[in-house]
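The file run-v1.csv comes next; it holds CSV, C-alpha atoms.
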```
chain,number,residue,atom,x,y,z
A,79,MET,CA,150.6,22.5,131.5
A,80,PRO,CA,152.1,19.3,130.2
A,81,ASN,CA,150.2,16.6,128.3
A,82,ARG,CA,147.7,19.0,126.8
A,83,LEU,CA,146.9,16.5,124.1
A,84,GLN,CA,146.9,13.4,126.2
A,85,GLY,CA,144.7,10.7,124.6
A,86,LYS,CA,144.3,12.6,121.3
A,87,VAL,CA,145.2,11.3,117.9
A,88,ALA,CA,146.7,13.9,115.5
A,89,ALA,CA,147.7,13.7,111.8
A,90,ILE,CA,150.1,16.3,110.5
A,91,THR,CA,150.7,16.8,106.8
A,92,GLY,CA,154.1,17.9,105.6
A,93,ALA,CA,155.5,16.6,108.8
A,94,GLY,CA,158.9,15.6,107.4
A,95,MET,CA,160.7,18.9,108.0
A,96,GLY,CA,160.4,22.5,109.1
A,97,LEU,CA,157.2,23.6,110.8
A,98,GLY,CA,155.4,20.3,110.2
A,99,GLN,CA,158.2,18.4,112.0
A,100,ALA,CA,158.2,20.8,114.9
A,101,ILE,CA,154.4,20.4,115.3
A,102,ALA,CA,154.6,16.6,115.1
A,103,ILE,CA,157.3,16.3,117.7
A,104,LEU,CA,155.6,18.9,120.0
A,105,PHE,CA,152.2,17.2,119.8
A,106,ALA,CA,153.8,13.8,120.6
A,107,ALA,CA,155.6,15.3,123.6
A,108,GLU,CA,152.2,16.7,124.8
A,109,GLY,CA,150.7,13.2,124.8
A,110,ALA,CA,149.2,12.8,121.3
A,111,ARG,CA,149.6,9.7,119.2
A,112,VAL,CA,150.9,11.2,115.9
A,113,VAL,CA,150.5,10.3,112.3
A,114,VAL,CA,153.5,11.8,110.3
A,115,ALA,CA,152.3,12.4,106.8
A,116,ASP,CA,154.7,13.4,104.1
A,117,ILE,CA,155.5,12.7,100.4
A,118,ASP,CA,159.1,12.1,101.2
A,119,PRO,CA,159.5,8.8,103.2
A,120,ILE,CA,163.1,9.8,104.2
A,121,THR,CA,162.2,13.0,106.0
A,122,GLY,CA,159.0,11.5,107.3
A,123,LYS,CA,161.0,8.6,108.8
A,124,GLU,CA,163.3,11.2,110.4
A,125,THR,CA,160.4,12.9,112.2
A,126,SER,CA,158.9,9.6,113.4
A,127,GLY,CA,162.3,8.6,114.6
A,128,HIS,CA,162.6,11.7,116.7
A,129,ILE,CA,159.2,10.9,118.2
A,130,HIS,CA,160.1,7.3,119.0
A,131,ALA,CA,163.4,8.5,120.5
A,132,GLN,CA,161.5,10.6,123.0
A,133,GLY,CA,159.4,7.6,124.0
A,134,ASP,CA,156.2,8.6,122.1
A,135,GLU,CA,154.0,7.0,119.6
A,136,ALA,CA,154.0,7.8,115.8
A,137,ILE,CA,153.3,6.1,112.5
A,138,LEU,CA,154.4,7.3,109.1
A,139,VAL,CA,152.1,7.7,106.1
A,140,GLN,CA,153.7,8.4,102.8
A,141,MET,CA,151.2,10.4,100.7
A,142,ASP,CA,150.6,13.1,98.1
A,143,VAL,CA,148.1,15.5,99.7
A,144,ARG,CA,146.9,16.6,96.2
A,145,GLN,CA,145.4,13.2,95.6
A,146,ALA,CA,141.9,12.3,96.9
A,147,LEU,CA,142.8,8.6,97.3
A,148,ASP,CA,145.8,9.5,99.4
A,149,ALA,CA,143.8,11.9,101.6
A,150,GLU,CA,141.2,9.2,102.2
A,151,ARG,CA,144.0,6.7,102.9
A,152,LEU,CA,145.5,9.0,105.5
A,153,VAL,CA,142.3,9.1,107.5
A,154,ARG,CA,141.7,5.4,107.1
A,155,THR,CA,145.2,4.5,108.1
A,156,THR,CA,145.0,6.8,111.2
A,157,VAL,CA,141.7,5.2,112.3
A,158,ASP,CA,143.0,1.6,111.6
A,159,ALA,CA,146.1,2.4,113.8
A,160,PHE,CA,144.6,4.4,116.6
A,161,GLY,CA,140.8,4.1,116.4
A,162,ARG,CA,140.0,7.7,115.8
A,163,LEU,CA,141.2,11.1,114.4
A,164,ASP,CA,141.0,14.0,116.8
A,165,ILE,CA,143.2,16.6,115.2
A,166,LEU,CA,144.2,17.3,111.6
A,167,VAL,CA,146.9,19.8,110.9
A,168,ASN,CA,146.9,20.8,107.2
A,169,ASN,CA,150.5,22.1,107.0
A,170,VAL,CA,151.8,21.4,103.5
A,171,GLY,CA,152.9,24.5,101.5
A,172,VAL,CA,155.0,25.4,98.4
A,173,GLN,CA,155.9,28.7,96.8
A,174,VAL,CA,156.7,30.1,93.3
A,175,ASN,CA,158.0,33.6,93.2
A,176,LYS,CA,156.5,35.1,90.1
A,177,ASP,CA,153.8,37.5,89.0
A,178,VAL,CA,150.7,36.4,87.0
A,179,VAL,CA,152.4,37.1,83.7
A,180,ASP,CA,155.4,35.0,84.3
A,181,THR,CA,153.5,32.2,86.2
A,182,SER,CA,152.8,29.2,84.0
A,183,GLU,CA,149.5,27.3,84.2
A,184,GLU,CA,151.5,24.3,85.5
A,185,GLU,CA,153.1,26.4,88.2
A,186,TRP,CA,149.8,27.9,89.2
A,187,ASN,CA,148.2,24.4,89.5
A,188,PHE,CA,151.2,23.1,91.4
A,189,VAL,CA,151.0,25.8,94.1
A,190,VAL,CA,147.2,26.0,94.4
A,191,ASP,CA,146.7,22.2,94.4
A,192,THR,CA,149.4,21.8,97.0
A,193,ASN,CA,148.5,24.7,99.3
A,194,LEU,CA,144.7,24.8,99.0
A,195,LYS,CA,143.3,21.7,97.2
A,196,SER,CA,145.2,19.5,99.7
A,197,MET,CA,143.4,21.1,102.6
A,198,PHE,CA,140.1,20.6,101.0
A,199,LEU,CA,140.8,17.0,100.3
A,200,CYS,CA,142.3,16.1,103.7
A,201,SER,CA,139.6,18.0,105.6
A,202,LYS,CA,136.9,16.4,103.6
A,203,TYR,CA,137.8,12.9,104.8
A,204,ALA,CA,138.7,14.1,108.3
A,205,VAL,CA,135.3,15.7,108.7
A,206,LEU,CA,133.5,12.5,107.7
A,207,GLN,CA,135.5,10.6,110.4
A,208,MET,CA,135.1,13.3,113.0
A,209,ARG,CA,131.3,13.4,112.5
A,210,GLN,CA,131.1,9.7,113.3
A,211,GLN,CA,133.1,10.0,116.5
A,212,GLY,CA,131.4,13.1,117.8
A,213,GLY,CA,133.8,15.9,117.0
A,214,GLY,CA,137.3,17.0,116.2
A,215,ASN,CA,139.7,19.8,115.4
A,216,ILE,CA,141.2,21.0,112.1
A,217,ILE,CA,144.0,23.5,111.9
A,218,CYS,CA,145.1,24.9,108.6
A,219,ILE,CA,148.5,26.6,108.1
A,220,SER,CA,148.2,29.8,106.0
A,221,SER,CA,150.7,32.6,106.1
A,222,LEU,CA,151.0,36.3,106.6
A,223,SER,CA,150.7,36.2,102.8
A,224,GLY,CA,147.1,35.1,103.4
A,225,LEU,CA,146.5,38.5,105.0
A,226,VAL,CA,148.4,41.0,102.8
A,227,GLY,CA,149.6,41.3,99.3
A,228,ASN,CA,153.2,40.5,98.4
A,229,GLY,CA,155.0,41.2,95.2
A,230,LEU,CA,155.9,38.2,92.9
A,231,GLN,CA,153.7,35.8,94.9
A,232,ALA,CA,150.6,35.7,92.8
A,233,SER,CA,149.9,32.0,93.1
A,234,TYR,CA,151.1,31.7,96.7
A,235,ASN,CA,149.1,34.7,98.0
A,236,ALA,CA,146.0,33.5,96.2
A,237,SER,CA,146.3,30.0,97.8
A,238,LYS,CA,147.1,31.3,101.2
A,239,HIS,CA,144.1,33.8,101.2
A,240,GLY,CA,142.0,30.8,100.0
A,241,VAL,CA,143.1,28.7,103.0
A,242,ILE,CA,141.6,31.3,105.4
A,243,GLY,CA,138.4,31.4,103.5
A,244,LEU,CA,138.1,27.6,103.3
A,245,ALA,CA,138.8,27.2,107.0
A,246,ARG,CA,136.2,29.9,108.0
A,247,SER,CA,133.6,28.3,105.8
A,248,MET,CA,134.3,24.8,107.3
A,249,ALA,CA,134.0,26.4,110.8
A,250,VAL,CA,130.5,27.6,110.0
A,251,ASP,CA,129.5,24.4,108.2
A,252,HIS,CA,130.7,21.9,110.9
A,253,ALA,CA,130.2,23.7,114.2
A,254,ASN,CA,127.1,21.6,114.8
A,255,ASP,CA,129.3,18.5,114.3
A,256,ASN,CA,131.4,19.7,117.2
A,257,ILE,CA,134.3,20.3,114.9
A,258,ARG,CA,136.5,23.4,115.4
A,259,VAL,CA,138.4,24.8,112.5
A,260,ASN,CA,141.1,27.5,112.8
A,261,VAL,CA,144.1,28.9,110.9
A,262,VAL,CA,147.6,29.9,111.9
A,263,CYS,CA,149.3,32.6,109.8
A,264,PRO,CA,153.1,32.4,110.3
A,265,GLY,CA,155.6,34.9,109.3
A,266,SER,CA,159.1,34.0,108.1
A,267,MET,CA,160.8,31.1,109.8
A,268,ASN,CA,164.2,29.5,110.1
A,269,THR,CA,163.8,26.3,108.1
A,270,PRO,CA,166.0,24.1,106.0
A,271,LEU,CA,165.0,26.2,103.0
A,272,THR,CA,166.2,29.5,104.5
A,273,GLU,CA,169.5,27.9,105.3
A,274,THR,CA,170.2,27.6,101.6
A,275,ILE,CA,169.6,31.3,100.9
A,276,PRO,CA,172.5,33.8,101.2
A,277,GLU,CA,172.2,36.0,104.3
A,278,GLU,CA,172.3,39.2,102.2
A,279,LYS,CA,169.0,38.2,100.6
A,280,LEU,CA,167.5,37.2,103.9
A,281,ALA,CA,168.5,40.3,105.8
A,282,PRO,CA,165.7,42.6,104.5
A,283,TYR,CA,163.1,40.0,105.4
A,284,ARG,CA,164.5,39.7,109.0
A,285,GLU,CA,164.1,43.5,109.3
A,286,ALA,CA,160.5,43.5,108.0
A,287,ASN,CA,158.8,42.6,111.3
A,288,LEU,CA,158.8,44.3,114.7
A,289,MET,CA,161.1,41.6,116.3
A,290,LYS,CA,163.8,41.9,113.6
A,291,ARG,CA,164.3,38.1,113.3
A,292,PHE,CA,162.8,35.0,111.9
A,293,ALA,CA,160.8,32.6,114.1
A,294,ALA,CA,162.0,29.2,115.1
A,295,PRO,CA,159.5,26.6,113.9
A,296,ILE,CA,158.8,25.6,117.5
A,297,GLU,CA,157.5,29.1,118.2
A,298,VAL,CA,154.9,28.8,115.6
A,299,ALA,CA,154.2,25.2,116.6
A,300,GLN,CA,153.3,26.4,120.1
A,301,ALA,CA,150.5,28.6,118.5
A,302,VAL,CA,149.2,25.5,116.6
A,303,LEU,CA,149.3,23.5,119.9
A,304,PHE,CA,147.1,26.2,121.6
A,305,LEU,CA,144.5,25.8,118.9
A,306,ALA,CA,144.7,22.0,119.0
A,307,SER,CA,144.3,21.9,122.8
A,308,ASP,CA,141.2,22.3,125.0
A,309,ASP,CA,142.7,25.7,126.0
A,310,ALA,CA,141.1,26.9,122.8
A,311,SER,CA,137.8,25.2,123.3
A,312,PHE,CA,135.8,28.4,122.5
A,313,VAL,CA,137.9,29.3,119.5
A,314,THR,CA,136.8,28.5,115.9
A,315,GLY,CA,136.8,30.3,112.6
A,316,SER,CA,139.8,32.3,113.7
A,317,ALA,CA,143.1,33.2,112.1
A,318,LEU,CA,145.9,33.3,114.7
A,319,VAL,CA,148.8,35.5,113.4
A,320,ALA,CA,152.3,34.6,114.5
A,321,ASP,CA,154.4,36.9,112.3
A,322,GLY,CA,156.6,38.9,114.7
A,323,GLY,CA,154.4,42.0,114.1
A,324,TYR,CA,154.8,42.1,110.4
A,325,THR,CA,151.2,42.8,109.6
A,326,THR,CA,151.0,45.6,112.1
A,327,LEU,CA,153.4,47.8,110.0
```
If you took the structure in this file and wrote it as structure tokens, what would it be?
Amino acid sequence: MPNRLQGKVAAITGAGMGLGQAIAILFAAEGARVVVADIDPITGKETSGHIHAQGDEAILVQMDVRQALDAERLVRTTVDAFGRLDILVNNVGVQVNKDVVDTSEEEWNFVVDTNLKSMFLCSKYAVLQMRQQGGGNIICISSLSGLVGNGLQASYNASKHGVIGLARSMAVDHANDNIRVNVVCPGSMNTPLTETIPEEKLAPYREANLMKRFAAPIEVAQAVLFLASDDASFVTGSALVADGGYTTL
């Protein structure tokens, strides 16, 4: 069904590229007025430009999701522009491929603050607004690495496991506020980052799931759209896995 988000206002963090960009463009095509949030104004402008080109509404908010003042400003700017905030997609994520011995304290803080603290901060101010307006919907992007252990991903795995725990706790705490909170756990995707990696290094990862390929970002964005829509009106506290069957092996 088209226009599954008609009349909704959605803010997506990390919307300048990859999965965040796919989510923002899809949400706009489904009728949402979209807030494109990204630390990089160039990529953020590219996403908002795509949305405007398809005849849909979007504004750009440049922000650092690790900063409380920026998280508060994201919500305030959204409400100033569109009157409300119905959907928050916490999408930002970074990765450092090291074990605990080789991970510096600075690297640990960078990953955990970006992947987990950001979701706490953005959700905090979103919940305050959603309470006032009678409800809302928060979707956090974790990873298959939030469900299993991976070598050389100590900080990343810790943060992505934490995302699931945070979301489930928020689902319990805010159900009476009519706020649904869910998680999407993607597997490997074709993104601008993977385009920079030699194929011989990518091949083993392509073979690691049942479908023997990486996802296109739009495939994962469709899972996020389901949770954002009224089709998922009885779904909260869940972790929807979109990993090509990796976690079944």
Q) Distance CA of Gly127 (chain A)-CA of Val114 (chain A), one decimal place? A)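 CA of Val114 (chain A) lies 10.3 Å from CA of Gly127 (chain A).
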Q. How far is it from CA of Asp164 (chain A) to CA of Ser196 (chain A), in Å with one decimal?
A. 18.4 Å
**Q.** Residue nearest Leu244 (chain A) among A:Gly212, A:Gly98, A:Gly161, A:Gly315 (counting all atoms listed in the file)
**A.** A:Gly315
Q.
What's the separation between CA of Gln231 (chain A) and CA of Gly243 (chain A), in Å to one decimal place?
A.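 The value is 18.1 Å.
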Q. Between A:Lys123, A:Lys202, A:Lys279, A:Lys290, which has the minimum distance to Ala136 (chain A) (counting all atoms listed in the file)?
A. A:Lys123
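Each of A:Val172, A:Val87, A:Ile219, A:Ala131 was checked against Thr156 (chain A) using only C-alpha atoms; the smallest atom-to-atom distance is that of A:Val87.
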Q: Give the answer as one residue: which of A:Leu327, A:Ala115, A:Ala88, A:Val262 has the shortest atom-to-atom distance to Val302 (chain A), using all atoms listed in the file?
A: A:Val262
Q) For the point (133.1, 16.2, 119.3) in file coordinates, what residues are within 12 Å, counting only C-alpha atoms? Give the answer as a list in words? A)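 With a cut-off of 12 Å, the residues come to Lys86, Arg162, Leu163, Asp164, Ile165, Val205, Gln207, Met208, Arg209, Gln210, Gln211, Gly212, Gly213, Gly214, Asn215, Ile216, His252, Ala253, Asn254, Asp255, Asn256, Ile257, Arg258, Asp308 and Ser311 of chain A.
Omitting Gly240 (chain A) and its sequence neighbours fewer than 5 positions away, and counting all atoms listed in the file, the residues within 9 Å are Asn193, Leu194, Ser220, Gly224, Asn235 and Ala245 of chain A.
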Those residues with C-alpha atoms, as a compact mmCIF listing (two decimals), keeping the file's coordinate frame please?
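Ended up saving to result28.txt:
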```
# COMPACT_ATOMS: atom_id res chain seq x y z
CA ASN A 193 148.50 24.70 99.30
CA LEU A 194 144.70 24.80 99.00
CA SER A 220 148.20 29.80 106.00
CA GLY A 224 147.10 35.10 103.40
CA ASN A 235 149.10 34.70 98.00
CA ALA A 245 138.80 27.20 107.00
```
Q) So which residues touch Ala310 (chain A) within 12 Å, counting only C-alpha atoms, skipping near sequence neighbours fewer than 5 positions away, as an MDAnalysis selection string? A) chainID A and resid 82:83 215 217 258:260 301:305 315:316 318
Q) With distances taken over all atoms listed in the file, which of A:Gly96, A:Phe198, A:Ala204, A:Gly122 is nearest to Asn268 (chain A)? A) A:Gly96
Q) At a cut-off of 9 Å from (156.4, 36.3, 110.6) in the coordinates of the file, what residues are picked up using only C-alpha atoms, written as a list in words? A)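 The requested residues, written out, are Ser221, Leu222, Cys263, Pro264, Gly265, Ser266, Met267, Arg284, Ala286, Asn287, Arg291, Phe292, Ala293, Val319, Ala320, Asp321, Gly322, Gly323, Tyr324 and Thr325 of chain A.
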Residues of the last selection are to be written out with C-alpha atoms, as a compact mmCIF listing (two decimals), keeping the file's coordinate frame.
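Produced file part.txt, reproduced below:
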```txt
# COMPACT_ATOMS: atom_id res chain seq x y z
CA SER A 221 150.70 32.60 106.10
CA LEU A 222 151.00 36.30 106.60
CA CYS A 263 149.30 32.60 109.80
CA PRO A 264 153.10 32.40 110.30
CA GLY A 265 155.60 34.90 109.30
CA SER A 266 159.10 34.00 108.10
CA MET A 267 160.80 31.10 109.80
CA ARG A 284 164.50 39.70 109.00
CA ALA A 286 160.50 43.50 108.00
CA ASN A 287 158.80 42.60 111.30
CA ARG A 291 164.30 38.10 113.30
CA PHE A 292 162.80 35.00 111.90
CA ALA A 293 160.80 32.60 114.10
CA VAL A 319 148.80 35.50 113.40
CA ALA A 320 152.30 34.60 114.50
CA ASP A 321 154.40 36.90 112.30
CA GLY A 322 156.60 38.90 114.70
CA GLY A 323 154.40 42.00 114.10
CA TYR A 324 154.80 42.10 110.40
CA THR A 325 151.20 42.80 109.60
```
